[in-house]
Structure formats: C-alpha cells, structure tokens
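Have a look at the structure below, then the notes.
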2 protein chains.
Amino acid sequence: MLNVVNKEQAVRIVNEQGALSLPIQKVSLADALGRTLAEDIVSCENIPAFERTTVDGFAVHAADTFGASESVPAQLEIVGEILMGENADFVLKSGQCARISTGGMLPQGADAAVMVERTDSQGSLCLVYQAAAPFENVTRTGDDIACGACALSKGTVLTAASIGVLAALGVREVPVFRKPVLAIISTGDEIVEGTPQPGQMRDVNTHLLAAAAQAHGCQVQCCGVIRDERSAIQSALSAALETADAVLISGGSSAGARDMTVSVIEEAGEVFFHGIAMKPGKPTIFGMAGGKPVFGLPGHPLAAYFVFRLVVCAWLASVLRQPADVPCRSAAAAVNIPSNHGREEYLCVKYTPNGEIVPVHTKSGIVSVLTEAQGFLKIERNAEGVFKGETVEIYEI
Amino acid sequence: MLNVVNKEQAVRIVNEQGALSLPIQKVSLADALGRTLAEDIVSCENIPAFERTTVDGFAVHAADTFGASESVPAQLEIVGEILMGENADFVLKSGQCARISTGGMLPQGADAAVMVERTDSQGSLCLVYQAAAPFENVTRTGDDIACGACALSKGTVLTAASIGVLAALGVREVPVFRKPVLAIISTGDEIVEGTPQPGQMRDVNTHLLAAAAQAHGCQVQCCGVIRDERSAIQSALSAALETADAVLISGGSSAGARDMTVSVIEEAGEVFFHGIAMKPGKPTIFGMAGGKPVFGLPGHPLAAYFVFRLVVCAWLASVLRQPADVPCRSAAAAVNIPSNHGREEYLCVKYTPNGEIVPVHTKSGIVSVLTEAQGFLKIERNAEGVFKGETVEIYEI
C-alpha cells in the first residue's frame with residue numbers, strides 16, 4: 001500500500017502540489033532581519049551619488065600632481081574647503097586644490113585626493129609631495145551600487161548586510177513574503193505533555209519542529225499532543241487547516257498509527273506519497289487537504305528533524321523563492337562510514353580538530369545527537385558508504 | 001595622541017573592562033530560539049526513562065533466539081501485547097514473548113526485540129526466524145541523555161536541536177541571559193535620515209549595526225543620526241547610557257570628528273584605546289562611561305561592520321559566556337591575495353565553484369560588498385598576503 005518515492009521525487013511532488021503564493025507585506029528595516037524579500041530591489045540611484053574622498057587631505061586635478069616628489073613638490077592654490085555633508089558647488093580649475101575630509105564630496109573638475117600627510121600648506125599655497133593617479137583615494141559615483149542594478153534579488157533572506165544595502169538605497173518599507181504559517185500536531189499514545197509515566201515519553205517533536213520552523217522563517221501554531229485516535233486526528237487536522245498554510249503531523253511511530261494518519265489525510269484530500277527511500281525518514285507521508293500541504297513526519301525526533309530539514313525546508317524555499325539548499329563545505333572522512341544499500345542515508349557528523357569529519361554516534365540517539373552534530377552528509381543510494389579519506393559534501397544541520 | 005592596540009589586546013581590554021553580569025530570565029520553549037543559556041542543564045533523569053524498542057515486533061529474551069534460522073525457528077509463547085504508552089508491568093519469562101510496537105516499553109526480563117517481518121505467529125505461538133543479539137532493536141535507558149549528565153552548557157545559543165533536548169528533559173521554563181541592550185548612535189555631518197542632498201549620504205550604520213546586533217542576540221535602541229557637535233553627541237551618549245548596557249557610536253569619518261568622539265567619551269569616563277592596528281577598523285575607540293562600555297566605530301559601513309563582528313561580538317560572547325569565535329571552514333586561495341604590511345587585515349571572500357576562495361572586490365565597497373561575501377579571512381600582521389593555493393581559515397561573515 002506504500003507509495004514510496006525517492007527524495008528527489010518527494011521534493012518535486014511537494015513543490016509542485018504544494019505551490020503557494022504568499023501575500024507580500026511591507027515591514028520596516030527594524031523588523032526585516034530574517035525575512036525573505038518578495039521583490040527584486042533595483043536601485044533608482046547611484047550609491048554613492050557623488051564622487052567622494054576616502055582620505056583627509058586635498059581634492060586635486062591628478063594631472064597637476066604628475067611628477068611631484070619630496071624634492072619637487074607640486075604647488076597648488078588652495079581655493080576653498082569642502083565641509084562634510086556640504087555640496088561642493090564650485091569648479092576646481094587646473095592648478096587649484098580644496099581642503100576636504102574623508103567622505104567629502106569632490107568639486108567638479110577634481111579627479112583625485114591627496115592625503116594631508118603628503119602635503120604642506122602655507123596660507124593659500126599647498127605643496128604636494130606625491131603624485132596622485134586619476135581617481136586615487138576617490139570612491140566614484142555608483143561604485144557601490146550602480147543606478148539600475150539589481151541590488152538584492154527576490155528570495156533573499158535578509159541579513160544585516162542586505163539591510164545595510166536597503167538603508168543605503170533609502171528603502172524603509174521592505175516588501176517581504178508573509179511568514180508561512182505551519183501548524184504542528186504531535187501524535188502518539190506514548191507521548192504526553194506533562195510528566196511521563198512508565199512507558200510514556202515527553203513530547204519533543206512539537207518543540208523541536210516549532211523551533212526549526214521559526215529558525216526557517218515560519219510562524220508556528222502548536223496544536224499539542226493528539227492521541228492515536230482517528231476522530232482526534234481528524235478534528236486536529238481540520239482545525240489546523242483553517243488557519244495554517246501547511247500542517248505537520250509527527251508520529252505515531254507504529255505501523256498502525258501511520259496508517260491511520262494516511263487514511264485521515266486521504267479522507268480530507270489526497271495522499272501523494274507514503275514513504276521516502278531515505279534513512280532516516282522512511283515513513284514520511286505527503287498529501288494535500290483543503291488545498292494545503294500536509295506532511296506526515298516520523299515520530300522519532302531525529303527522523304522528524306531530518307524530514308523537516310530535507311523535505312519541508314525544500315518546500316519552504318520553493319514557496320519563499322529562496323535558492324535551493326547547497327552544501328556548506330566539503331571535508332574528508334576520518335574513518336570508514338558504512339551505509340545500508342538501497343536507501344539514501346543522511347548522517348550527523350562532527351569535525352575532528354584537523355577538520356576531518358566523523359559520524360556522531362546515532363545508535364539510539366533520540367534528539368541529543370542533533371546538538372552534538374556540526375553538519376550532516378548524504379550517502380547515495382547505491383554507495384556502500386564513505387571511505388576513510390574520501391571527500392564529502394557537508395550540509396548545515 | 002592615539003593609543004593604538006592590536007586586535008588581541010583590544011578584545012582583552014574590552015572583555016576585562018566591559019565585564020558585565022546580565023540578569024537571568026526564564027522564557028518558555030516557544031521563546032527560547034536564539035537565546036543564550038544562563039545555566040548548565042543537568043539531566044535529573046534518564047532519557048529514555050525505560051528500555052524501548054525501535055521496531056514493530058516482539059519483545060524477547062535474546063538468549064531464546066540464539067541459533068534460530070529460517071529452517072529452525074525459535075518457538076516462543078506470546079503472553080501479551082504492550083500498547084504504546086503503556087506500562088509493561090509484567091515479567092517476561094524465558095520462552096515467552098510479547099507483541100510490541102516501535103517505541104513501546106520492554107517488559108522486565110526482555111532484552112531484545114525481533115522485527116515482525118522475521119516472525120510468524122499462530123494463536124499464542126510465535127516462530128522467530130532470526131537470532132537477536134542482546135539489546136538488538138532496543139534503545140537502552142539513558143542512552144540518549146543519562147541521568148546526571150550535563151545535557152547543555154551555560155553559554156549555549158539555543159537552536160531547534162537544543163530546544164528539543166530541553167523538551168525531552170521536561171524543562172519548560174528556560175534560564176537565559178537577559179538580552180544585552182545596545183544603543184546605536186550614528187554621527188556625521190554628511191549623514192542624513194531623510195533624502196540626501198548633494199554631498200550627503202543616507203544613514204546606513206544605524207540599520208546595519210542594529211540588524212547585526214539583533215542577529216547576535218541583542219535588543220537594540222536606535223538613537224538616530226547626531227550631528228558632529230560636541231553637545232549633541234554628549235547628550236545622545238548620556239541618554240543612551242541611562243537605558244542601554246553598552247553604546248555604539250559610529251562615525252564621524254574625519255579626524256576631527258573622531259577626536260571629538262574620543263573627548264566626549266573621555267569626559268564621560270575613560271578611553272582605553274583609540275585605534276586598533278587592523279584593516280579595516282583602524283579608527284576604533286573603546287572607553288567606559290557610567291560603568292558601561294562605549295565603542296566608537298568607524299563611519300565607513302564596511303569598517304563599522306568588521307569592528308562589530310570582531311570586537312563587539314567578542315565582548316558579547318564574553319558577556320553571554322558563549323564560546324569564542326572559531327573559523328567555520330578552511331579553503332585554498334584561488335589567486336594571490338596581497339596585503340599591506342604591519343596591520344592585521346580582514347578581507348571579504350567568496351567561493352569559486354570548486355570551493356576555493358577569491359576576495360570580493362572591495363576597492364570602494366561601502367556596504368554591498370558584504371552581501372556578496374560568503375565569509376572573511378584574516379591576514380596576519382607580518383604576512384605579505386596569501387599565496388595562490390595556500391589554505392586559509394574562513395570565518396562566518
């Protein structure tokens with residue numbers, strides 16, 4: 001009854017079926033960190049908007065300084081001073097110079113600046129002891145961001161740097177996608193919210209997945225722990241579908257509980273796959289209900305996290321128009337890492353002091369293995385594992 | 001008049017003089033992402049608290065299955081079923097087995113589980129076709145987190161994974177440091193908040209530094225743009241000192257403006273250094289006023305960002321008891337990267353398709369260079385640069 005797909009198929013199905021147009025919001029720069037740009041930001045002006053110096057000294061015609069040296073300084077006439085923030089609204093003629101501070105605007109005609117340390121001035125006479133090349137010590141108009149250039153692309157996750165660029169361009173209201181709203185339902189008769197009795201476990205998945213969703217730019221609705229009863233899961237799902245953009249149902253771990261989740265989703269809509277040929281994450285379910293994606297994640301927290309990271313995050317990136325996930329670095333394996341055949345395997349790794357990687361012991365890791373991991377690697381379906389010394393791509397955990 | 005230090009000295013002075021005990025707050029798991037743990041979290045219990053299976057099948061005495069095969073199955077008596085979440089409050093005797101689902105609690109006596117696919121059952125008879133080793137398909141008590149172990153250390157920045165661990169341990173109110181409050185003052189006569197006139201620039205530093213501070217776990221107070229006037233800077237600083245834990249004053253770029261910032265800090269307290277032998281970031285100032293750290297950052301946004309990242313972040317890590325900054329990866333240089341002698345140099349870099357690094361063109365980058373950068377490297381004081389092919393450490397931008 002399983003409709004098992006491989007991970008690439010899973011991501012393609014999820015992105016196609018779960019396609020979603022999030023509305024665009026305007027937020028202030030103070031609220032923009034971590035949000036995703038919903039439009040290209042094209043610059044309507046040059047940054048800087050004028051030629052400016054990068055030193056304290058004198059604005060000059062470079063040609064006037066050619067050949068200048070300690071013994072034969074160029075002699076220029078000081079015709080003014082340009083104060084910071086002031087419009088340099090005069091024309092500098094050949095043979096003239098003007099005092100200027102770092103960041104000051106070059107007057108028309110000037111094409112270079114000389115550092116004050118390379119000059120001497122007496123009254124209106126300035127001696128320049130070093131030749132300046134054209135545009136030396138000058139930031140030219142549009143050098144940082146040219147008018148008409150796409151300064152930031154749609155889908156950019158806004159960092160301090162990109163917020164700095166928006167500030168430079170005068171964008172105060174930033175068009176971002178509304179945060180996707182993820183509802184999170186934990187199921188499982190062994191899972192409790194309060195103090196566990198013998199045989200019971202505390203609910204980890206709600207908190208783990210909620211934090212992971214927050215970290216990936218989502219707003220979260222926690223629906224609590226639902227018992228493995230058809231009617232309870234049905235009503236939790238239908239309540240979640242009313243307000244959320246997508247629903248994550250984690251657990252139950254047993255085959256019977258999984259089948260119930262599948263049939264509840266099927267009844268509410270359509271199931272597209274039940275099973276991904278990957279480890280961990282095999283019992284993953286994906287369906288659409290009420291026009292919204294419903295992800296059935298494994299009950300085991302480590303497996304649930306990997307499915308979130310690999311499948312749900314791929315969907316989020318697609319919806320938010322973000323670039324696809326790429327490895328963050330490559331490293332050599334410090335030991336042989338055997339793998340099962342026939343299924344893609346994802347493995348938590350950490351770095352040795354000399355930058356090689358070793359697997360984090362996962363035999364029975366429920367969740368603590370994730371705090372020790374510094375990344376994860378993928379072992380291909382048909383590979384027998386990774387050999388000691390082999391270079392592998394590492395992804396961010 | 002400059003009291004110039006190198007970067008290591010700068011960080012030591014800042015951490016010693018600026019030492020600060022932030023109060024501890026309790027936050028819920030839903031609000032814990034990105035916060036910094038203020039206490040070690042020591043587990044008071046074993047996770048899992050009981051031996052549990054990792055498969056659907058039968059709980060058994062492993063010894064009863066030794067020698068079992070397809071042709072000579074072990075024959076066991078089915079004496080019960082353990083439902084998920086149920087206390088397995090009976091003793092499994094030799095020769096007996098019990099039905100069990102993934103995650104179910106092993107009854108006393110049982111020390112392994114066999115997968116249902118490796119068995120046949122008829123009435124109360126179970127045929128087991130494969131031997132199970134002791135503890136096969138079992139997660140043992142305390143395997144994930146042992147009672148008494150330090151599960152998370154003070155100074156940990158909370159991620160989804162660590163929030164999952166807190167949930168597993170039943171920690172619902174998390175002890176975190178109160179967010180450091182940073183006041184941000186931009187100065188410079190050329191800097192404006194509204195539309196710039198010729199010679200003027202928009203305020204980038206307030207927004208760049210505010211977002212960087214948010215990203216590093218701070219609460220931010222933006223004090224706006226202050227003109228390069230002694231009395232204006234004085235009153236902005238004294239207002240900021242009333243409510244913030246530390247103050248960042250960026251700009252002005254000119255020597256005169258910098259001197260004014262120094263003398264204002266000096267008047268309000270004490271200046272410990274004025275100048276760091278690094279590039280960018282030379283004109284950095286550090287002092288204490290009203291018992292609080294005051295950082296004078298360069299006016300140039302790129303330089304201000306680097307000083308924030310290298311000096312202010314080191315102080316934040318020290319105050320929040322976080323581990324010190326370490327390189328995030330190493331990579332080979334794709335080209336020769338020359339450097340000035342005599343000053344540590346920090347350089348934005350990006351990766352080539354084959355994982356080598358090249359510098360991001362920084363000639364006149366004001367801020368856009370930061371959005372292109374994928375990391376930065378440090379060139380030591382006495383190095384002539386980095387040679388093509390040389391391996392260098394890369395830090396997160």
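Residue numbering restarts at 1 for every chain of the structure tokens, chains are lettered A, B, ... in their displayed order, and ligands are numbered from 1 as they appear.
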Counting only C-alpha atoms, what is within 12 Å of Thr119 (chain A), bar same-chain residues fewer than 2 positions away, as a PyMOL selection string?
-> chain A and resi 56-60+65+68-70+72-76+78+97+99+113-117+121-122+125-132
Counting only C-alpha atoms, what is within 7 Å of region 296-302 of chain B, bar same-chain residues fewer than 6 positions away, as a PyMOL selection string?
-> chain B and resi 204-205+248-253+281+283-286+366-367
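Considering only C-alpha atoms, the residue among A:Ile394, A:Ala160, A:Arg35, A:Val358 positioned nearest to Arg309 (chain B) is A:Ala160.
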Tell me, as JSON, numbers by chain, which residues lie within 12 Å of Gly103 (chain A), counting only C-alpha atoms; anything in the same chain fewer than 6 positions away does not count.
-> {"A": [48, 49, 50, 51, 52, 53, 54, 55, 56, 57, 59, 82, 83, 84, 85, 86, 113, 137, 138, 139, 140], "B": [188, 189, 190, 191, 199, 200, 201, 251, 252, 253, 254, 255, 257, 298, 299, 300, 301, 364, 366]}
Could you turn the residues from that selection into a file that holds C-alpha atoms, as a PDB file, in the first residue's frame?
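Once written, again.pdb looks like this:
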ATOM      1  CA  PRO A  48      27.457  56.898  -3.710  1.00  0.00           C
ATOM      2  CA  ALA A  49      25.560  59.632  -5.530  1.00  0.00           C
ATOM      3  CA  PHE A  50      28.704  61.748  -5.920  1.00  0.00           C
ATOM      4  CA  GLU A  51      32.463  61.291  -6.096  1.00  0.00           C
ATOM      5  CA  ARG A  52      33.829  61.293  -2.569  1.00  0.00           C
ATOM      6  CA  THR A  53      37.233  61.062  -0.973  1.00  0.00           C
ATOM      7  CA  THR A  54      38.424  58.220   1.208  1.00  0.00           C
ATOM      8  CA  VAL A  55      41.088  60.325   2.973  1.00  0.00           C
ATOM      9  CA  ASP A  56      41.526  63.611   4.810  1.00  0.00           C
ATOM     10  CA  GLY A  57      43.512  65.968   2.561  1.00  0.00           C
ATOM     11  CA  ALA A  59      40.927  67.458  -3.718  1.00  0.00           C
ATOM     12  CA  ILE A  82      34.601  71.337   1.496  1.00  0.00           C
ATOM     13  CA  LEU A  83      32.892  70.540   4.755  1.00  0.00           C
ATOM     14  CA  MET A  84      31.355  67.133   5.372  1.00  0.00           C
ATOM     15  CA  GLY A  85      27.871  66.857   4.020  1.00  0.00           C
ATOM     16  CA  GLU A  86      28.270  70.045   2.040  1.00  0.00           C
ATOM     17  CA  ALA A 113      42.577  63.355  -3.494  1.00  0.00           C
ATOM     18  CA  ASN A 137      41.608  57.977  -2.921  1.00  0.00           C
ATOM     19  CA  VAL A 138      38.230  58.545  -4.528  1.00  0.00           C
ATOM     20  CA  THR A 139      35.042  56.473  -4.438  1.00  0.00           C
ATOM     21  CA  ARG A 140      33.350  57.053  -7.757  1.00  0.00           C
TER      22      ARG A 140
ATOM     23  CA  GLY B 188      28.455  62.572  10.845  1.00  0.00           C
ATOM     24  CA  ASP B 189      27.501  65.871   9.282  1.00  0.00           C
ATOM     25  CA  GLU B 190      27.213  64.149   5.899  1.00  0.00           C
ATOM     26  CA  ILE B 191      24.744  61.544   7.216  1.00  0.00           C
ATOM     27  CA  GLY B 199      27.351  65.828  -0.563  1.00  0.00           C
ATOM     28  CA  GLN B 200      25.156  63.891   1.886  1.00  0.00           C
ATOM     29  CA  MET B 201      24.688  60.152   2.436  1.00  0.00           C
ATOM     30  CA  GLY B 251      31.485  57.852  12.603  1.00  0.00           C
ATOM     31  CA  GLY B 252      32.423  60.545  12.001  1.00  0.00           C
ATOM     32  CA  SER B 253      34.891  59.612   9.360  1.00  0.00           C
ATOM     33  CA  SER B 254      37.104  62.684   9.546  1.00  0.00           C
ATOM     34  CA  ALA B 255      39.966  63.003  12.018  1.00  0.00           C
ATOM     35  CA  ALA B 257      35.046  64.182  14.214  1.00  0.00           C
ATOM     36  CA  PRO B 298      34.434  53.817  12.094  1.00  0.00           C
ATOM     37  CA  GLY B 299      31.972  55.772   9.969  1.00  0.00           C
ATOM     38  CA  HIS B 300      32.543  53.652   6.884  1.00  0.00           C
ATOM     39  CA  PRO B 301      29.840  50.947   6.995  1.00  0.00           C
ATOM     40  CA  SER B 364      35.251  51.225  -2.908  1.00  0.00           C
ATOM     41  CA  ILE B 366      30.570  50.802   1.106  1.00  0.00           C
TER      42      ILE B 366
END
Considering only C-alpha atoms, return as a ChimeraX atom specification whatever protein or nucleic-acid residues lie within 9 Å of Pro359 (chain B), sequence-local ones (same chain, fewer than 5 positions apart) excluded.
-> /B:333,335,337,347-351,373,376
Run DSSP on the backbone of this structure and report the residues of region 159-214 of chain A it assigns to strand (DSSP E or B), as a list in words.
->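 Secondary structure check on region 159-214 of chain A, strand (DSSP E or B): Glu173, Val174, Pro175, Val176, Phe177, Val181, Leu182, Ala183, Ile184, Ile185, Ser186, Thr187, Ile191, Val192, Met201 and Arg202 of chain A.
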Pick the closest to Leu92 (chain A) from A:Gly389, A:Gly104, A:Gly109, A:Pro175: which is it, counting only C-alpha atoms?
-> A:Gly109
So which residues of region 38-206 of chain B fall under helix (DSSP H, G or I) by DSSP, listed as a list in words?
-> Ala62, Ala63, Asp64, Thr65, Val116, Glu117, Arg118, Ala160, Ala161, Ser162, Ile163, Gly164, Val165, Leu166, Ala167, Ala168, Leu169, Asn205 and Thr206 of chain B
